[in-house]
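The next block holds one structure in the form of structure tokens; read it before the comments.
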Amino acid sequence: MEQAYFVEEAAVPFLSREGQRLGILIILPTRTDTLMELSAAEAKQHGEEPIQFFEGCTYEYHLTLIDTATNYRLRQSGGIIPSKRHPQQMGRIDTRTQTGLFPLILEDADGTPVATAAVEVRSRKINYRTDYQHMLNDIGAKCSDLLLDMRTPMQTRMQPTMGEDPETIQHQFAFLRSILDSREFQEALQRLIAMPHRRLQAEETERDIRRGVRPSHQTLRQIASRNPRLPVPPSHPVAARMMGLGIAHPSVPAMVTMTQQRDTVDTPENRFVKHALTVYVDFLARMERALHATNQTTYKRLTTEVTRLREGLAETLSRDFFRDISAPTVLPLGSPVLQRKAGYREMLQAWLKFQLAASLSWEGGEDVFGAGKRDMAVLYEYWLFFQLLDVLQEQFALPHLSEQVFHRDENRLGLRLKRGSQLEIRGTYAHDTCPLEMRFSYNRTFAYTADPDRMGSWTRNMQPDYTLSMWPAAGEGAEGEARSVHLHFDAKYRADQIEEVFGADQDGPEDLQAERQAERAGTYKRADLLKMHAYRDAILHTKGAYVLYPGTVDVTWSLEQGAVLPSIGALAIRPGADGEVQGRQSLSDFLSAVVEHLVQTRCT
């Protein structure tokens, strides 16, 4: 349960690099229930700041300096608006649509930073924190799965290559955390420790013969020949037996070597697991040192998250189970235990994904978590790309998919997904009489064209978030694609109720005057509906345009009564617990019906 509460006032201290307090920023919310304070334990657990704002809210501030003789001021940046009367001490902070870390910098008259502070900007959604982690983990997991299918040969390094700059480290960590911090990885590790692979190992021990030994070929040979020896007392039954065999001076060795079978967990498979955890911890420790060396407050959150993950893995590695396991001489990657046994199988998959993910960079990730941001809207947009791609894989053959999603740059792999940059995935739909060609586009621009038979818009340039284009495979090249049918989708994370997307239904005539007032106030709720109409009507060959939002209700409208393919709509899809995606099946059924409808109508 969250240990947080609303407050009417908060104090944010400014600390220098040496930890000296140079000032205090007093925060006052302009609206009730928009300023929260987390306990120290809660803030540490989630890697967040204790003082928390909300997106789209305004706060007043008053700066108090410890040494009144200094001339320090709060640096102006996006959202910080100083007072006209007292710009040095007072002003307001407008969070706008930003979420995540909001850095605050105290500077001197020359603009040199002297101390820093930070607050957290929360999304208005109650489940924004879990949504963020679920979506980021989903993206990392899907990228890792695609990397394993790369056709381009790659040599697996025993020591993964860490990025040289904080931005690259940030991208790498996003993918590595999705592997090492996932529920599947943690459960597999616990299963492995609880039910480890064991084997019987022959162990030789020295035993005093006077304590008795079990007779065997090995011990009989030692009794006959091993030195040093002890005389057998004449009264002992063994002496009489040996004298009967012609031994004048009966004797036995003082010590004999016994071989026993001992149950052990020091197996090659367990050595591999220990080695893998050690590599993970060392890799994360190198990340920590590189981030600390920058001395930049913008990477404070990233450093905290890296430290948390490293300490968790290091604690696991310090358990008694791993103390009796030695270092590996070889990595048994072909072992049936690693490939098949529950727990070990997941450890091997995580290792292979780690090796690849450590070489992956994602320029588009800067839009999501750069400088401590948690841009939920952009992350939702990226997450939906992979959800749509996942659904399309069920309907279409997507050859060389990993090569279409990633690009190689020298010794590194890069994810092509970046907001504002076009990315296309091509595939085919197998059908006996009507095979289809497909192009799934991210950020595709439909430029103005006066030719209704060409691809484009007949008014102004349009750029939906996602476009699914399909056409009969009988027409090849540009001629075939000109006969395509388009479906457009736009991501809208900030809405979780259908009324926030398309506005509320009304029984009578719409109150146009109220809508105009809402538009002037910036609260107009039908902008997304009008945008879908624009896509549907302006982009040539378009059959439908839909909003994708993290709600629970699907709404569609069709130009024709009972039409299979709706013209306008909103489809609900959102991340859920335990890796489940709410609304994914509905989206899959929708696209399946669309494909079947096109097969029946476009090839007849």
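By order in the structure tokens, chains are A, B, ...; within a chain, residues start at 1; ligands start at 1, following the order shown.
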
With only C-alpha atoms counted and 9 Å as the cut-off, give the residues of stretch 530-571 of chain A in contact with stretch 444-462 of chain A, each with its shortest interatomic distance in Å and the pair that gives it, as a tab-separated table.
residue	atom	partner	partner_atom	distance
A:Ala534	CA	A:Met462	CA	8.6
A:Tyr535	CA	A:Met462	CA	7.2
A:Asp537	CA	A:Ser457	CA	8.9
A:Ala538	CA	A:Ser457	CA	5.3
A:Ile539	CA	A:Ser457	CA	4.3
A:Leu540	CA	A:Ser457	CA	5.7
A:His541	CA	A:Met455	CA	7.8

*A:His275: which residues within 12 Å, counting only C-alpha atoms, same-chain residues fewer than 2 positions away excluded, as a PyMOL selection string?*
chain A and resi 158-159+268-273+277-282+317+322+325-332+347-348+351

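Closest approach to A:Ile573 among A:Arg191, A:Arg536, A:Arg214, A:Lys492: A:Lys492, based on only C-alpha atoms.
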
_For a quick check of understanding, using only C-alpha atoms, which of A:Arg199, A:His486, A:Arg75, A:Arg494 has the smallest distance to A:Leu565?_
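Closest to A:Leu565 of all the choices is A:His486.
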
*asked:* Residues near A:Gln422, anyone? I mean within 10 Å using only C-alpha atoms, not counting same-chain ones fewer than 2 positions away, as a list in words.
replied: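 Those residues are Arg416, Leu417, Lys418, Arg419, Gly420, Glu424, Ser441, Tyr442, Asn443, Arg444, Thr445, Gln463, Asp465 and Tyr466 of chain A.
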
Write out, as an mmCIF file, in the first residue's frame, the residues just selected, with C-alpha atoms.
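Below is the file part-v6.cif, written as the result:
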data_model
loop_
_atom_site.group_PDB
_atom_site.id
_atom_site.type_symbol
_atom_site.label_atom_id
_atom_site.label_comp_id
_atom_site.auth_asym_id
_atom_site.auth_seq_id
_atom_site.Cartn_x
_atom_site.Cartn_y
_atom_site.Cartn_z
ATOM 1 C CA ARG A 416 14.416 1.814 -35.335
ATOM 2 C CA LEU A 417 11.374 2.887 -33.321
ATOM 3 C CA LYS A 418 11.461 6.657 -32.768
ATOM 4 C CA ARG A 419 8.681 9.178 -32.523
ATOM 5 C CA GLY A 420 8.422 11.231 -35.713
ATOM 6 C CA GLU A 424 7.515 0.157 -42.043
ATOM 7 C CA SER A 441 3.558 1.826 -40.864
ATOM 8 C CA TYR A 442 4.511 3.927 -37.891
ATOM 9 C CA ASN A 443 4.442 7.703 -38.454
ATOM 10 C CA ARG A 444 3.689 7.362 -42.162
ATOM 11 C CA THR A 445 3.083 10.715 -43.848
ATOM 12 C CA GLN A 463 0.495 11.573 -40.248
ATOM 13 C CA ASP A 465 0.518 7.160 -35.471
ATOM 14 C CA TYR A 466 -0.059 3.774 -37.151
#

Cut-off 12 Å: closest stretch 47-81 of chain A/stretch 31-39 of chain A atom pairs per residue, using only C-alpha atoms, as CSV:
residue,atom,partner,partner_atom,distance
A:Gly47,CA,A:Leu38,CA,11.3
A:Glu48,CA,A:Leu38,CA,8.9
A:Glu49,CA,A:Leu38,CA,7.8
A:Pro50,CA,A:Leu38,CA,4.6
A:Ile51,CA,A:Glu37,CA,4.7
A:Gln52,CA,A:Met36,CA,5.0
A:Phe53,CA,A:Leu35,CA,5.2
A:Phe54,CA,A:Thr34,CA,5.9
A:Glu55,CA,A:Thr34,CA,9.0
A:Gly56,CA,A:Thr34,CA,9.8
A:Cys57,CA,A:Thr34,CA,7.3
A:Thr58,CA,A:Arg31,CA,7.9
A:Tyr59,CA,A:Arg31,CA,8.3
A:Glu60,CA,A:Arg31,CA,10.4

Okay, now the selection with C-alpha atoms, as an mmCIF file, in the first residue's frame?
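Saved file selection.cif follows:
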data_model
loop_
_atom_site.group_PDB
_atom_site.id
_atom_site.type_symbol
_atom_site.label_atom_id
_atom_site.label_comp_id
_atom_site.auth_asym_id
_atom_site.auth_seq_id
_atom_site.Cartn_x
_atom_site.Cartn_y
_atom_site.Cartn_z
ATOM 1 C CA GLY A 47 13.117 5.382 -7.074
ATOM 2 C CA GLU A 48 11.049 8.559 -6.892
ATOM 3 C CA GLU A 49 11.219 11.929 -5.157
ATOM 4 C CA PRO A 50 9.286 12.314 -1.875
ATOM 5 C CA ILE A 51 7.561 15.567 -2.925
ATOM 6 C CA GLN A 52 5.150 14.802 -5.759
ATOM 7 C CA PHE A 53 3.248 17.102 -8.128
ATOM 8 C CA PHE A 54 0.550 16.149 -10.633
ATOM 9 C CA GLU A 55 0.626 16.732 -14.362
ATOM 10 C CA GLY A 56 -1.420 19.661 -15.659
ATOM 11 C CA CYS A 57 -1.304 21.504 -12.316
ATOM 12 C CA THR A 58 0.171 24.789 -11.113
ATOM 13 C CA TYR A 59 2.145 25.425 -7.906
ATOM 14 C CA GLU A 60 3.408 28.587 -6.251
#

*Figure out the distance between atom CA of A:Glu187 and atom CA of A:Thr267, please, to one decimal in Å.*
20.8 Å

_Can you pull out the residues contacting A:Pro103? Cut-off 8 Å, using only C-alpha atoms, and skip same-chain residues under 4 positions away; I want them as JSON, numbers by chain._
{"A": [116, 117, 118, 119, 297, 298]}

*Find the spatial neighbours of A:Glu580, counting only C-alpha atoms, within a cut-off of 12 Å - ignore same-chain residues fewer than 2 positions away - and output them as a list in words.*
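Residues meeting the cut-off are Asp131, His134, Met135, Asp138, Gln387, Ile573, Arg574, Pro575, Gly576, Ala577, Asp578, Gln582, Gly583, Arg584 and Gln585 of chain A.
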
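In this model, the gap between atom CA of A:Asp490 and atom CA of A:Asp589 comes to 18.6 Å.
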
_Could you go through stretch 172-238 of chain A and tell me which residues DSSP, when run on the backbone, assigns to helix (DSSP H, G or I), listing them as a ChimeraX atom specification?_
/A:172-180,183-194,209-211,217-225,237-238

Just to be explicit: take each residue in the selection above, keep N, CA and C atoms, and write the result as a compact mmCIF listing (two decimals), in the first residue's frame.
# COMPACT_ATOMS: atom_id res chain seq x y z
N GLN A 172 20.40 0.93 -22.62
CA GLN A 172 20.75 -0.45 -22.31
C GLN A 172 20.03 -0.92 -21.05
N PHE A 173 20.03 -0.07 -20.03
CA PHE A 173 19.44 -0.46 -18.76
C PHE A 173 17.94 -0.72 -18.90
N ALA A 174 17.27 0.04 -19.75
CA ALA A 174 15.83 -0.17 -19.95
C ALA A 174 15.55 -1.59 -20.41
N PHE A 175 16.39 -2.11 -21.31
CA PHE A 175 16.19 -3.47 -21.81
C PHE A 175 16.68 -4.50 -20.80
N LEU A 176 17.81 -4.23 -20.15
CA LEU A 176 18.34 -5.19 -19.20
C LEU A 176 17.41 -5.36 -18.00
N ARG A 177 16.82 -4.25 -17.55
CA ARG A 177 15.90 -4.34 -16.43
C ARG A 177 14.67 -5.16 -16.78
N SER A 178 14.22 -5.05 -18.03
CA SER A 178 13.05 -5.84 -18.44
C SER A 178 13.32 -7.33 -18.35
N ILE A 179 14.59 -7.72 -18.43
CA ILE A 179 14.97 -9.12 -18.34
C ILE A 179 15.20 -9.53 -16.88
N LEU A 180 16.07 -8.76 -16.21
CA LEU A 180 16.53 -9.16 -14.87
C LEU A 180 15.55 -8.82 -13.77
N ARG A 183 9.15 -10.69 -13.53
CA ARG A 183 8.60 -11.70 -12.64
C ARG A 183 9.07 -13.09 -13.06
N GLU A 184 9.16 -13.35 -14.36
CA GLU A 184 9.58 -14.67 -14.85
C GLU A 184 11.00 -14.99 -14.39
N PHE A 185 11.90 -13.99 -14.48
CA PHE A 185 13.28 -14.21 -14.07
C PHE A 185 13.37 -14.47 -12.58
N GLN A 186 12.68 -13.64 -11.79
CA GLN A 186 12.75 -13.77 -10.33
C GLN A 186 12.15 -15.09 -9.87
N GLU A 187 11.03 -15.51 -10.47
CA GLU A 187 10.43 -16.78 -10.08
C GLU A 187 11.30 -17.96 -10.47
N ALA A 188 11.93 -17.86 -11.66
CA ALA A 188 12.82 -18.94 -12.09
C ALA A 188 14.01 -19.07 -11.15
N LEU A 189 14.53 -17.94 -10.68
CA LEU A 189 15.67 -17.96 -9.77
C LEU A 189 15.29 -18.58 -8.45
N GLN A 190 14.11 -18.25 -7.93
CA GLN A 190 13.67 -18.83 -6.67
C GLN A 190 13.41 -20.33 -6.83
N ARG A 191 12.84 -20.74 -7.95
CA ARG A 191 12.60 -22.16 -8.19
C ARG A 191 13.92 -22.93 -8.24
N LEU A 192 14.88 -22.33 -8.91
CA LEU A 192 16.19 -22.97 -9.06
C LEU A 192 16.85 -23.18 -7.70
N ILE A 193 16.77 -22.17 -6.83
CA ILE A 193 17.40 -22.28 -5.51
C ILE A 193 16.66 -23.30 -4.65
N ALA A 194 15.33 -23.34 -4.77
CA ALA A 194 14.54 -24.27 -3.96
C ALA A 194 14.70 -25.71 -4.42
N ILE A 209 42.17 -46.91 10.15
CA ILE A 209 41.68 -48.29 10.00
C ILE A 209 41.12 -48.85 11.30
N ARG A 210 41.55 -48.26 12.46
CA ARG A 210 41.06 -48.76 13.73
C ARG A 210 39.60 -48.41 13.96
N ARG A 211 39.06 -47.48 13.09
CA ARG A 211 37.65 -47.12 13.21
C ARG A 211 36.77 -48.06 12.40
N HIS A 217 37.38 -54.13 -2.99
CA HIS A 217 38.63 -54.39 -3.70
C HIS A 217 39.64 -53.31 -3.40
N GLN A 218 39.18 -52.04 -3.30
CA GLN A 218 40.10 -50.94 -3.05
C GLN A 218 40.75 -51.05 -1.67
N THR A 219 39.94 -51.33 -0.63
CA THR A 219 40.50 -51.42 0.72
C THR A 219 41.36 -52.67 0.89
N LEU A 220 41.01 -53.80 0.25
CA LEU A 220 41.80 -55.01 0.39
C LEU A 220 43.19 -54.82 -0.20
N ARG A 221 43.26 -54.12 -1.32
CA ARG A 221 44.59 -53.87 -1.91
C ARG A 221 45.43 -53.00 -0.99
N GLN A 222 44.79 -51.98 -0.36
CA GLN A 222 45.54 -51.11 0.54
C GLN A 222 45.99 -51.86 1.79
N ILE A 223 45.15 -52.78 2.30
CA ILE A 223 45.52 -53.56 3.48
C ILE A 223 46.74 -54.44 3.18
N ALA A 224 46.83 -54.88 1.96
CA ALA A 224 47.94 -55.76 1.60
C ALA A 224 49.25 -55.02 1.37
N SER A 225 49.19 -53.74 0.92
CA SER A 225 50.45 -53.13 0.49
C SER A 225 50.72 -51.72 1.01
N PRO A 237 41.31 -61.33 16.07
CA PRO A 237 40.98 -62.39 15.10
C PRO A 237 41.67 -62.22 13.76
N VAL A 238 41.95 -60.98 13.37
CA VAL A 238 42.61 -60.74 12.08
C VAL A 238 44.02 -61.29 12.10

*Any idea what the distance is between atom CA of A:Ser484 and atom CA of A:Phe440?*
12.0 Å

*Can you check which residues of stretch 166-332 of chain A DSSP gives as strand (DSSP E) on the backbone and send them as number ranges by chain?*
A: 199-208, 229-231, 251-253, 255-264

_Calculated over only C-alpha atoms, which of the candidates A:Phe14, A:Tyr61, A:Phe396, A:Phe321 has the smallest distance to A:Gly427?_
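Of A:Phe14, A:Tyr61, A:Phe396, A:Phe321, the one nearest A:Gly427 is A:Phe396, counting only C-alpha atoms.
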
_Selection near A:Gln98, 10 Å with only C-alpha atoms, sequence-local residues under 6 positions removed, as a PyMOL selection string_ = chain A and resi 54-56+78-79+120-123+373-377

*Using only C-alpha atoms, which of A:Arg310, A:Arg439, A:Lys274, A:Arg483 sits nearest A:Arg286?*
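Using only C-alpha atoms, A:Arg286 sits closest to A:Arg310.
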
*For A:Leu65, work out the shell of residues within 12 Å, counting only C-alpha atoms and skipping chain neighbours fewer than 5 positions away, then give it as a ChimeraX atom specification.*
/A:12-15,21-26,70-74,88-89,106-108,115
